[in-house]
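Here's target24.txt, which has compact mmCIF, C-alpha atoms and all ligand atoms:
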```txt
# COMPACT_ATOMS: atom_id res chain seq x y z
CA MET A 1 5.29 -29.04 23.37
CA GLU A 2 4.89 -26.93 20.27
CA ARG A 3 5.85 -23.87 22.28
CA GLU A 4 8.92 -25.70 23.57
CA ARG A 5 9.97 -26.60 20.04
CA ARG A 6 9.47 -23.00 18.99
CA MET A 7 11.55 -21.76 21.90
CA GLN A 8 14.31 -24.21 21.03
CA GLN A 9 14.19 -23.06 17.43
CA CYS A 10 14.37 -19.43 18.49
CA SER A 11 17.25 -19.88 20.90
CA HIS A 12 19.03 -21.94 18.27
CA GLU A 13 18.67 -19.11 15.78
CA GLU A 14 19.73 -16.44 18.24
CA GLY A 15 22.70 -18.48 19.41
CA ASN A 16 23.83 -19.21 15.88
CA PRO A 17 26.95 -17.09 15.24
CA ARG A 18 26.38 -17.21 11.48
CA ALA A 19 22.87 -15.85 11.94
CA ARG A 20 24.17 -13.10 14.22
CA GLN A 21 26.98 -12.25 11.85
CA ALA A 22 24.60 -11.95 8.92
CA SER A 23 22.23 -9.79 10.98
CA THR A 24 23.64 -6.66 9.46
CA PRO A 25 21.68 -3.45 9.85
CA VAL A 26 22.31 -2.94 6.13
CA LEU A 27 20.35 -6.05 5.21
CA LEU A 28 17.45 -5.18 7.51
CA THR A 29 17.37 -1.58 6.30
CA ARG A 30 17.33 -2.82 2.73
CA TRP A 31 14.43 -5.13 3.58
CA LEU A 32 12.52 -2.27 5.18
CA GLU A 33 13.10 -0.10 2.10
CA ARG A 34 12.12 -2.83 -0.30
CA LEU A 35 8.91 -3.59 1.62
CA GLY A 36 7.66 0.00 1.32
CA GLY A 37 4.01 0.01 2.39
CA ARG A 38 2.62 1.63 5.50
CA ARG A 39 5.49 3.10 7.51
CA THR A 40 3.49 4.28 10.50
CA ALA A 41 1.93 0.98 11.53
CA TYR A 42 2.53 -2.75 11.55
CA ALA A 43 0.84 -5.78 13.07
CA ILE A 44 1.88 -8.54 15.45
CA GLN A 45 0.52 -12.03 15.00
CA ARG A 46 -1.18 -13.47 18.07
CA ALA A 47 -1.11 -17.10 19.22
CA ASP A 48 -4.46 -17.74 17.49
CA GLY A 49 -2.98 -16.59 14.14
CA ARG A 50 -4.89 -13.29 14.08
CA TYR A 51 -3.21 -9.90 14.17
CA ARG A 52 -3.00 -6.93 16.50
CA CYS A 53 -2.30 -3.56 14.91
CA VAL A 54 0.48 -1.44 16.40
CA HIS A 55 0.34 2.26 15.55
CA ALA A 56 4.09 2.81 15.40
CA PRO A 57 6.73 2.71 12.67
CA LEU A 58 8.19 -0.59 11.53
CA THR A 59 11.92 -0.64 12.28
CA PRO A 60 14.98 -2.81 11.48
CA THR A 61 14.99 -3.87 15.16
CA LEU A 62 11.47 -5.24 14.80
CA LEU A 63 12.45 -7.07 11.62
CA ALA A 64 15.39 -8.62 13.50
CA ALA A 65 13.03 -9.74 16.27
CA HIS A 66 10.77 -11.27 13.60
CA LEU A 67 13.66 -13.26 12.13
CA ALA A 68 14.77 -14.32 15.60
CA GLY A 69 11.25 -15.63 16.27
CA ARG A 70 10.63 -13.33 19.24
CA LEU A 71 7.56 -11.91 17.51
CA THR A 72 5.86 -12.33 14.16
CA LEU A 73 5.12 -9.32 11.99
CA GLY A 74 2.28 -8.55 9.66
CA HIS A 75 3.00 -5.85 7.07
CA TYR A 76 0.43 -3.38 5.72
CA VAL A 77 0.89 -3.61 1.96
CA LEU A 78 -0.33 -0.14 0.96
CA ASP A 79 1.37 3.13 1.79
CA GLU A 80 -0.39 6.44 2.48
CA GLN A 81 -0.73 7.05 -1.28
CA ASP A 82 -2.27 3.61 -1.93
CA CYS A 83 0.96 2.43 -3.56
CA CYS A 84 2.79 -0.82 -2.90
CA CYS A 85 6.31 -2.15 -3.48
CA TYR A 86 5.34 -5.80 -3.84
CA ALA A 87 2.42 -8.04 -4.65
CA VAL A 88 1.63 -11.47 -3.22
CA VAL A 89 -0.58 -14.22 -4.54
CA ASP A 90 -1.90 -16.35 -1.70
CA ALA A 91 -3.10 -19.92 -2.19
CA ASP A 92 -4.36 -21.66 0.92
CA GLN A 93 -5.81 -24.83 -0.57
CA LEU A 94 -4.26 -28.28 -0.23
CA ASP A 95 -2.93 -28.03 -3.78
CA GLY A 96 -2.03 -24.35 -3.28
CA LEU A 97 1.67 -24.81 -3.92
CA GLN A 98 1.06 -26.58 -7.23
CA ARG A 99 -1.31 -23.80 -8.32
CA LEU A 100 1.33 -21.21 -7.45
CA VAL A 101 4.07 -23.12 -9.28
CA ALA A 102 1.84 -23.15 -12.36
CA LEU A 103 1.24 -19.39 -12.00
CA GLN A 104 4.95 -18.80 -11.42
CA GLN A 105 5.69 -20.50 -14.76
CA VAL A 106 3.03 -18.43 -16.56
CA LEU A 107 4.51 -15.23 -15.11
CA ALA A 108 8.10 -16.31 -15.84
CA ALA A 109 7.12 -16.86 -19.49
CA GLN A 110 6.06 -13.18 -19.52
CA GLY A 111 9.34 -12.10 -17.97
CA ILE A 112 7.83 -11.52 -14.51
CA PRO A 113 10.13 -12.86 -11.75
CA THR A 114 8.56 -14.18 -8.54
CA SER A 115 9.63 -15.93 -5.32
CA LEU A 116 7.66 -18.87 -3.96
CA GLU A 117 7.22 -19.17 -0.19
CA ALA A 118 5.59 -22.13 1.54
CA SER A 119 2.83 -21.24 4.02
CA ARG A 120 0.79 -23.00 6.69
CA ARG A 121 -1.89 -24.17 4.25
CA GLY A 122 -0.33 -23.66 0.82
CA GLY A 123 1.98 -20.91 -0.34
CA HIS A 124 2.62 -17.30 -1.20
CA LEU A 125 4.02 -16.10 -4.50
CA TRP A 126 5.94 -12.82 -3.98
CA LEU A 127 6.62 -10.31 -6.70
CA TRP A 128 8.85 -7.28 -6.15
CA LEU A 129 7.98 -4.04 -7.91
CA ALA A 130 10.71 -1.73 -9.17
CA GLN A 131 9.14 1.31 -7.45
CA PRO A 132 6.09 2.20 -5.35
CA THR A 133 3.20 1.53 -7.72
CA PRO A 134 -0.49 2.41 -7.33
CA ALA A 135 -2.33 -0.66 -6.10
CA ILE A 136 -5.00 -0.01 -8.69
CA GLN A 137 -2.42 -0.58 -11.46
CA VAL A 138 -0.91 -3.63 -9.79
CA ARG A 139 -4.33 -5.20 -9.40
CA ALA A 140 -5.40 -4.35 -12.95
CA TRP A 141 -2.24 -6.11 -14.13
CA LEU A 142 -2.15 -9.23 -11.95
CA ARG A 143 -5.80 -9.93 -11.12
CA PRO A 144 -6.58 -11.27 -14.63
CA LEU A 145 -3.61 -13.67 -14.32
CA CYS A 146 -4.85 -15.19 -11.05
CA SER A 147 -7.55 -17.83 -11.03
CA PRO A 148 -10.57 -16.99 -8.80
CA ASN A 149 -9.40 -19.24 -5.95
CA LEU A 150 -6.13 -17.35 -5.57
CA GLU A 151 -6.03 -14.23 -3.42
CA LEU A 152 -4.07 -11.20 -4.58
CA TYR A 153 -2.40 -8.70 -2.25
CA PRO A 154 -2.88 -5.74 -2.35
CA LYS A 155 -6.50 -6.73 -1.81
CA GLN A 156 -7.77 -3.17 -2.33
CA ASP A 157 -7.27 -0.50 -5.00
CA THR A 158 -7.40 2.09 -2.26
CA ALA A 159 -7.21 1.48 1.47
CA SER A 160 -9.86 2.52 3.89
CA GLY A 161 -7.76 2.71 7.04
CA TYR A 162 -4.54 0.73 6.67
CA GLY A 163 -5.89 -1.84 4.21
CA SER A 164 -4.94 -5.49 4.32
CA LEU A 165 -1.77 -6.95 5.78
CA ILE A 166 0.33 -10.00 5.04
CA ARG A 167 2.57 -12.00 7.35
CA LEU A 168 6.21 -11.30 6.56
CA PRO A 169 8.20 -14.35 5.40
CA LEU A 170 10.86 -16.21 7.41
CA GLY A 171 9.31 -15.67 10.85
CA VAL A 172 7.55 -18.18 13.06
CA HIS A 173 3.84 -18.69 12.33
CA ARG A 174 2.31 -18.25 15.78
CA ARG A 175 -0.43 -20.78 15.19
CA SER A 176 1.63 -23.62 13.70
CA GLY A 177 4.86 -22.72 15.51
CA ARG A 178 6.72 -23.30 12.25
CA ARG A 179 8.79 -21.30 9.83
CA TYR A 180 8.18 -21.64 6.11
CA PRO A 181 11.03 -21.37 3.63
CA PHE A 182 11.28 -19.97 0.14
CA LEU A 183 11.21 -22.77 -2.39
CA VAL A 184 13.01 -23.29 -5.67
CA ALA A 185 12.45 -26.02 -8.25
CA ASP A 186 15.26 -28.31 -9.35
CA GLY A 187 15.80 -29.66 -12.87
CA SER A 188 13.01 -32.23 -12.42
CA GLN A 189 10.62 -29.52 -11.11
CA ARG A 190 10.79 -30.79 -7.53
CA LEU A 191 10.63 -28.03 -4.92
CA HIS A 192 13.45 -27.54 -2.41
CA PRO A 193 13.86 -24.97 0.35
CA VAL A 194 16.31 -22.18 -0.37
CA GLY A 195 19.21 -23.18 1.87
CA GLY A 196 20.84 -21.54 4.86
CA ASN A 197 19.58 -19.67 7.87
CA VAL A 198 16.90 -17.01 7.79
CA TYR A 199 19.43 -14.28 6.95
CA THR A 200 20.80 -16.25 4.00
CA GLN A 201 17.25 -16.79 2.78
CA LEU A 202 16.45 -13.11 3.29
CA SER A 203 19.52 -12.13 1.24
CA TRP A 204 18.43 -14.52 -1.50
CA TRP A 205 14.90 -13.07 -1.53
CA LEU A 206 16.08 -9.45 -1.56
CA GLU A 207 18.32 -10.22 -4.54
CA GLN A 208 15.40 -11.41 -6.66
CA PRO A 209 14.77 -8.98 -9.53
CA ALA A 210 11.77 -6.67 -9.59
CA ALA A 211 8.93 -6.97 -12.08
CA VAL A 212 8.28 -4.15 -14.52
CA LEU A 213 4.72 -2.89 -14.83
CA PRO A 214 3.52 -2.98 -18.47
CA ALA A 215 3.49 0.53 -19.97
CA HIS A 216 -0.18 0.41 -20.97
CA LEU A 217 -1.16 0.32 -17.28
CA ASP A 218 0.31 3.78 -16.64
CA SER A 219 -3.02 5.29 -17.57
CA VAL A 220 -5.07 3.17 -15.16
CA ALA A 221 -4.56 5.38 -12.11
CA GLN A 222 -5.24 8.49 -14.19
CA THR A 223 -8.75 7.36 -14.97
CA ARG A 224 -9.98 5.44 -11.96
CA PRO A 225 -9.62 7.96 -9.08
CA GLU A 226 -12.41 9.95 -10.76
CA ALA A 227 -14.73 7.40 -9.24
CA ARG A 228 -13.50 8.46 -5.80
CA LEU A 229 -14.85 11.97 -6.20
CA PRO A 230 -18.52 12.32 -5.36
CA THR A 231 -18.85 15.58 -7.30
CA PRO A 232 -18.03 16.18 -10.96
CA PRO A 233 -14.66 17.74 -11.72
CA VAL A 234 -14.57 21.51 -11.88
CA HIS A 235 -14.14 23.41 -15.09
CA ALA A 236 -10.50 23.51 -16.09
CA GLN A 237 -10.63 27.24 -16.82
CA ALA A 238 -11.94 28.14 -13.38
CA SER A 239 -9.78 30.86 -11.94
CA TYR A 240 -9.32 32.22 -8.48
CA SER A 241 -9.90 35.74 -9.78
CA SER A 242 -13.19 34.63 -11.28
CA PRO A 243 -15.95 37.29 -10.95
CA HIS A 244 -18.49 34.86 -9.42
CA ALA A 245 -16.59 34.97 -6.17
CA ARG A 246 -19.54 34.05 -3.98
CA ALA A 247 -21.51 31.02 -5.06
CA THR A 248 -25.25 30.90 -4.50
CA LEU A 249 -26.74 27.85 -2.82
CA PRO A 250 -28.72 25.51 -5.04
CA ALA A 251 -32.39 25.06 -4.10
CA ARG A 252 -31.72 21.73 -2.33
CA THR A 253 -28.50 21.83 -0.38
CA SER A 254 -27.00 18.74 1.20
CA PRO A 255 -25.36 19.15 4.63
CA ILE A 256 -21.97 18.37 3.08
CA LEU A 257 -22.39 20.97 0.34
CA ALA A 258 -23.58 23.53 2.89
CA TRP A 259 -20.53 22.74 5.03
CA CYS A 260 -18.26 23.28 2.03
CA LEU A 261 -19.87 26.53 0.90
CA ALA A 262 -19.73 28.01 4.40
CA ARG A 263 -15.91 27.91 4.34
CA ASP A 264 -13.26 29.90 2.51
CA PRO A 265 -11.38 27.36 0.37
CA LEU A 266 -8.21 29.46 0.20
CA ALA A 267 -8.03 29.75 3.99
CA VAL A 268 -8.90 26.10 4.72
CA ILE A 269 -6.76 24.43 2.03
CA GLY A 270 -4.06 27.04 2.67
CA ARG A 271 -3.51 25.41 6.07
CA TYR A 272 -2.40 22.23 4.30
CA VAL A 273 -0.92 23.42 1.01
CA LEU A 274 1.45 26.37 0.59
CA LEU A 275 -0.42 28.58 -1.89
CA ASP A 276 0.83 31.65 -3.78
CA GLN A 277 -1.22 34.82 -4.36
CA HIS A 278 -3.01 33.10 -7.27
CA GLY A 279 -4.08 30.17 -5.10
CA ARG A 280 -1.57 27.83 -6.72
CA GLY A 281 0.56 25.27 -4.92
CA ARG A 282 1.95 21.77 -5.06
CA CYS A 283 -0.68 19.07 -5.26
CA PRO A 284 -0.93 17.15 -1.96
CA PHE A 285 -2.23 14.02 -3.71
CA GLY A 286 1.00 12.42 -4.81
CA TRP A 287 -0.29 9.20 -6.36
CA HIS A 288 -1.05 10.73 -9.75
CA HIS A 289 2.26 12.59 -9.93
CA HIS A 290 5.54 11.15 -11.17
CA ASN A 291 7.44 9.53 -8.27
CA GLY A 292 4.59 10.49 -5.96
CA GLN A 293 5.40 14.21 -5.88
CA ASP A 294 4.11 17.31 -7.63
CA ARG A 295 7.34 19.11 -8.52
CA HIS A 296 5.70 22.04 -10.36
CA PRO A 297 2.71 23.65 -8.70
CA SER A 298 -0.20 22.00 -10.54
CA PHE A 299 -2.80 22.53 -7.85
CA LYS A 300 -5.10 25.55 -7.82
CA VAL A 301 -7.69 26.72 -5.33
CA PHE A 302 -10.52 29.05 -6.42
CA PRO A 303 -13.91 30.24 -5.12
CA HIS A 304 -16.66 27.66 -4.84
CA THR A 305 -18.66 26.83 -7.93
CA PRO A 306 -22.40 26.28 -7.20
CA ALA A 307 -21.67 22.53 -7.02
CA GLY A 308 -19.11 23.24 -4.30
CA ASN A 309 -15.95 22.61 -6.30
CA CYS A 310 -13.02 24.77 -5.30
CA TRP A 311 -9.76 23.10 -6.36
CA TYR A 312 -8.25 21.54 -9.42
CA CYS A 313 -5.07 19.61 -10.25
CA TYR A 314 -3.87 20.39 -13.76
CA THR A 315 -1.69 17.27 -13.91
CA TRP A 316 -4.49 15.00 -12.82
CA GLY A 317 -7.13 16.85 -14.80
CA ARG A 318 -9.53 16.54 -11.84
CA GLY A 319 -10.74 18.61 -8.97
CA GLY A 320 -13.39 18.63 -6.30
CA SER A 321 -14.93 20.25 -3.25
CA LEU A 322 -13.48 20.97 0.18
CA PHE A 323 -15.05 17.70 1.30
CA ASP A 324 -13.28 15.82 -1.52
CA PHE A 325 -10.05 17.54 -0.54
CA PHE A 326 -10.19 16.12 3.00
CA ARG A 327 -11.40 12.73 1.89
CA LEU A 328 -8.44 12.39 -0.47
CA LEU A 329 -6.02 13.95 1.99
CA TRP A 330 -6.99 11.55 4.78
CA GLN A 331 -7.50 8.60 2.42
CA VAL A 332 -10.73 7.62 4.14
CA ASP A 333 -14.22 6.80 2.93
CA ALA A 334 -16.91 9.48 2.67
CA ARG A 335 -18.63 8.49 5.93
CA THR A 336 -15.39 8.69 7.96
CA ALA A 337 -14.43 11.99 6.34
CA TRP A 338 -17.82 13.50 7.14
CA GLN A 339 -17.68 12.30 10.75
CA ARG A 340 -14.26 13.90 11.18
CA LEU A 341 -15.31 17.15 9.55
CA GLN A 342 -18.39 17.40 11.75
CA HIS A 343 -16.05 17.25 14.73
CA GLY A 344 -13.87 20.06 13.40
CA GLY A 345 -11.29 17.79 11.79
CA GLU A 346 -10.46 20.39 9.12
CA ARG A 347 -8.71 22.62 11.64
ZN ZN B 1 -2.20 16.51 -8.50
```
What would you get if you wrote out this structure as structure tokens?
Ligand SMILES: [Zn+2]
Amino acid sequence: MERERRMQQCSHEEGNPRARQASTPVLLTRWLERLGGRRTAYAIQRADGRYRCVHAPLTPTLLAAHLAGRLTLGHYVLDEQDCCCYAVVDADQLDGLQRLVALQQVLAAQGIPTSLEASRRGGHLWLWLAQPTPAIQVRAWLRPLCSPNLELYPKQDTASGYGSLIRLPLGVHRRSGRRYPFLVADGSQRLHPVGGNVYTQLSWWLEQPAAVLPAHLDSVAQTRPEARLPTPPVHAQASYSSPHARATLPARTSPILAWCLARDPLAVIGRYVLLDQHGRGRCPFGWHHHNGQDRHPSFKVFPHTPAGNCWYCYTWGRGGSLFDFFRLLWQVDARTAWQRLQHGGER
């Protein structure tokens, strides 16, 4: 019965000339751009409400199918550099919507615009960001504003794998068979659905202004990634032409350190980063560079120090070992990186 209703709803939407007319590729492309996040994977919601990951790019065609109700998409919030283009506060208690309305008012008082979406058990409060922003900054900003029973997406500062996903608005929830609208409050603070078909609602949502990250949070990402490096940063003056070209092994050598020291950093990293004759190149770790790219070569590779360090980013002010290089490059945890390297993943 529920399935029948869903089918009727879908065919109604697809047969609606206004919906078709509004289904412009421009709108869907704009949505895709505004979502940002992981471009190489998405998820499809199953009938039980859980998700199946698809290792393929999200496309405007898939977004159109989502709006038409033919499938329901989950979106991976974080991109490959652990940045996101939106944040969502999820409340799935009975009074979830009221909690989110209260939070929406607190944020609005601080000049932070949000969009409220109903959900199966409560609601989602969406917040657009003006540009891809490190999740660590977004979380440092918004987490203190959310009470403990509200869930903030992105859920992680850095993703191991693809990180968490969220169901995209305006589609059909596979478990309830229902769509949930965006809501706006009237003069007496009563909530009403944003009118029109899903395309009209999408246009409304995409027109909502983006929030601006407070300036003091710019430094957050500069300090925290240090914790991701298992070895201390190398000395800033280390040079590729340094006389101690061959490092000696410390008395107790870990397998990872031994693996690092057995390899030529210039040759190995040189397969991933274009290096000049001084071992300098553009830093492959975009998240600590303006707009996610190192425009002036700030990355330098040099012979191993005894601790195994062999590269340094002058913009970041940090460096690490060959192992750190791959862990950061692949954006995986230490265990996964080591497993891959043991199977020749560096080649
Ligand atoms: Zn860098």
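Take the candidates A:Leu67, A:Ser115, A:Gly161, A:His288 and check each one against Trp204 (chain A) using only C-alpha atoms; the shortest distance goes to A:Ser115.
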*Excluding Gly96 (chain A) and any residue of its chain fewer than 6 positions from it, enumerate the residues within 9 Å of it, using all atoms listed in the file, and give them as a list in words.*
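Returned residues: Asp90, Arg121, Gly122, Gly123, His124 and Leu150 of chain A.
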*asked:* Can you work out which residues are within 7 Å of ligand ZN 1 (chain B), considering all atoms listed in the file, and then hand them over as an MDAnalysis selection string?
replied: chainID A and resid 283:286 288:289 294 298:299 313:316
*asked:* Using Å and a single decimal, report how far CA of Gly345 (chain A) sits from CA of Trp330 (chain A).
replied: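 Rounded to one decimal, the two atoms are 10.3 Å apart.
The shortest atom-to-atom distance to Arg46 (chain A), with all atoms listed in the file taken into account, belongs to A:Ser176 out of A:Ser176, A:Thr336, A:Asn309, A:Gln93.
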_For a test of reading the model, state the distance in Å between CA of Asp79 (chain A) and CA of Gln201 (chain A), rounded to one decimal._
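Computed distance, CA of Asp79 (chain A) to CA of Gln201 (chain A), equals 25.5 Å.
Computed from the coordinates, the CA of Leu107 (chain A) to CA of Glu33 (chain A) distance equals 24.5 Å.
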*For Ala47 (chain A), which residue among A:Pro60, A:Pro169, A:Gly177, A:Pro148 is the nearest when counting all atoms listed in the file?*
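Ranking A:Pro60, A:Pro169, A:Gly177, A:Pro148 by distance to Ala47 (chain A), first place goes to A:Gly177.
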*Do a neighbour search on Leu257 (chain A) at 9 Å with only C-alpha atoms, toss out local chain neighbours closer than 6 positions, and write the hits as JSON, numbers by chain.*
{"A": [249, 307, 308, 321, 322, 323]}
*Can you tell me, as an NGL selection string, what residues are no more than 9 Å from His192 (chain A) when counting all atoms listed in the file, ignoring any on the same chain fewer than 5 positions away?*
:A and (181-186)
Give me the residues within 10 Å of Asp264 (chain A) as a PDB file with C-alpha atoms, in the coordinates of the input, counting all atoms listed in the file and dropping any in the same chain fewer than 6 places off.
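Result written to selection.pdb:
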```pdb
ATOM      1  CA  ARG A 246     -19.540  34.050  -3.980  1.00  0.00           C
ATOM      2  CA  GLY A 270      -4.060  27.040   2.670  1.00  0.00           C
ATOM      3  CA  PHE A 302     -10.520  29.050  -6.420  1.00  0.00           C
ATOM      4  CA  PRO A 303     -13.910  30.240  -5.120  1.00  0.00           C
ATOM      5  CA  HIS A 304     -16.660  27.660  -4.840  1.00  0.00           C
ATOM      6  CA  CYS A 310     -13.020  24.770  -5.300  1.00  0.00           C
ATOM      7  CA  LEU A 322     -13.480  20.970   0.180  1.00  0.00           C
TER       8      LEU A 322
END
```
*asked:* Here is a test: counting all atoms listed in the file, which residue of A:Cys84, A:Ile166, A:Leu27, A:Leu103 is nearest to Thr72 (chain A)?
replied: A:Ile166
Set up a box along x, y and z of the file covering all listed atoms of region 296-304 of chain A, add 3 Å on every one of the six sides, and write the centre and edge lengths in Å to one decimal, as lines of an AutoDock Vina configuration file.
```
center_x = -5.5
center_y = 26.1
center_z = -7.7
size_x = 28.4
size_y = 14.2
size_z = 11.7
```
